[in-house]
Amino acid sequence: MYRAFGLLQPGTDFALDQASARLAAKFPGYSVARRGDQITVAKGDWEIELALVAGPHVATESEGLVGKLAGLEPAEAGALTGSDRRVEVWSDTPDPFMEHFNDYLGVVEVLKSFRGVVAVDPHEPSLL
């Protein structure tokens with residue numbers, strides 16, 4: 001239902017351990033668990049995932065996204081093209097009444113708290 005990408009610029013300070021700690025601080029009363037390159041934030045029957053993804057396909061997809069993003073500075077766009085890593089955020093848990101929309105925004109806010117991370121909606125595509 002919810003999806004976002006955190007495009008990583010060279011020199012980003014994004015780290016999964018730090019992301020897990022920031023998510024735990026942002027979401028007291030939620031379970032925050034890290035397994036490998038993935039973090040799960042959960043409460044009750046709802047959960048949202050965050051994963052570090054790497055590979056040549058990421059660079060190709062990021063280049064396509066960056067070319068469609070309005071409001072991105074040219075230097076910022078140049079730094080994002082060619083990056084073969086990104087952070088993906090998603091929740092496939094149904095949320096028909098959008099009760100967890102603010103939780104999704106909170107996860108995106110944590111993602112944006114890292115230097116060198118540009119949060120985008122891959123469906124639009126647009127900056128978040």
# chains A, B, ... in the order shown; residues from 1 in each chain; ligands from 1
$ closest_atom_pairs --of "segment 4-44 of chain A" --to "segment 50-57 of chain A" --cutoff "6 Å" --atoms "only C-alpha atoms" --output "JSON lines"
{"residue": "A:Asp37", "atom": "CA", "partner": "A:Leu52", "partner_atom": "CA", "distance": 5.5}
{"residue": "A:Gln38", "atom": "CA", "partner": "A:Ala51", "partner_atom": "CA", "distance": 4.2}
{"residue": "A:Ile39", "atom": "CA", "partner": "A:Leu50", "partner_atom": "CA", "distance": 5.1}
$ residues_around --residues "His123 of chain A" --least-positions-apart "2" --cutoff "10 Å" --atoms "only C-alpha atoms" --output "MDAnalysis selection string"
chainID A and resid 3:5 65 120:121 125:126
$ write_last_selection --atoms "N, CA, C and O atoms" --output "compact mmCIF listing (two decimals), in the first residue's frame"
# COMPACT_ATOMS: atom_id res chain seq x y z
N ARG A 3 4.80 2.98 -0.37
CA ARG A 3 6.09 2.69 -0.97
C ARG A 3 6.88 3.98 -1.14
O ARG A 3 6.33 5.02 -1.51
N ALA A 4 8.18 3.91 -0.85
CA ALA A 4 9.10 5.04 -1.05
C ALA A 4 10.49 4.48 -1.31
O ALA A 4 10.81 3.36 -0.90
N PHE A 5 11.30 5.28 -2.00
CA PHE A 5 12.70 4.97 -2.20
C PHE A 5 13.52 6.07 -1.55
O PHE A 5 13.16 7.25 -1.63
N LEU A 65 14.28 7.35 -12.70
CA LEU A 65 13.51 8.14 -11.74
C LEU A 65 14.00 9.58 -11.68
O LEU A 65 13.20 10.52 -11.70
N VAL A 120 11.93 9.65 -2.46
CA VAL A 120 11.05 9.82 -3.62
C VAL A 120 9.91 8.80 -3.57
O VAL A 120 10.03 7.74 -2.97
N ASP A 121 8.83 9.19 -4.19
CA ASP A 121 7.71 8.27 -4.42
C ASP A 121 7.95 7.65 -5.79
O ASP A 121 7.91 8.36 -6.80
N PRO A 125 6.61 9.76 -10.40
CA PRO A 125 7.60 9.91 -9.33
C PRO A 125 7.71 11.35 -8.87
O PRO A 125 7.57 12.27 -9.67
N SER A 126 7.93 11.51 -7.58
CA SER A 126 8.04 12.86 -7.02
C SER A 126 8.87 12.81 -5.75
O SER A 126 9.04 11.75 -5.15
$ residues_around --residues "Ala21 of chain A" --least-positions-apart "6" --cutoff "12 Å" --atoms "only C-alpha atoms" --output "PyMOL selection string"
chain A and resi 14-15+27-28+31-34+39+41+110-111
$ select_by_dssp --residues "chain A" --states "strand (DSSP E)" --output "number ranges by chain"
A: 2-8, 31-35, 38-43, 46-54, 85-91, 117-121, 126-127
$ residues_around --residues "segment 105-108 of chain A" --least-positions-apart "4" --cutoff "12 Å" --atoms "only C-alpha atoms" --output "PyMOL selection string"
chain A and resi 2-7+19-20+22-27+32+39-42+47-51+87-91+98-101+112-114+117-121+127-128
$ closest_residue --among "A:Thr12, A:Gln18, A:Thr60, A:Asn102" --to "Gly82 of chain A" --atoms "only C-alpha atoms"
A:Thr60
$ select_by_dssp --residues "chain A" --states "helix (DSSP H, G or I)" --output "ChimeraX atom specification"
/A:16-26,56-66,74-80,101-112
$ atom_distance --atom1 "atom CA of Pro10 of chain A" --atom2 "atom CA of Glu73 of chain A"
15.5 Å
$ atom_distance --atom1 "atom CA of Tyr104 of chain A" --atom2 "atom CA of Pro122 of chain A"
14.6 Å
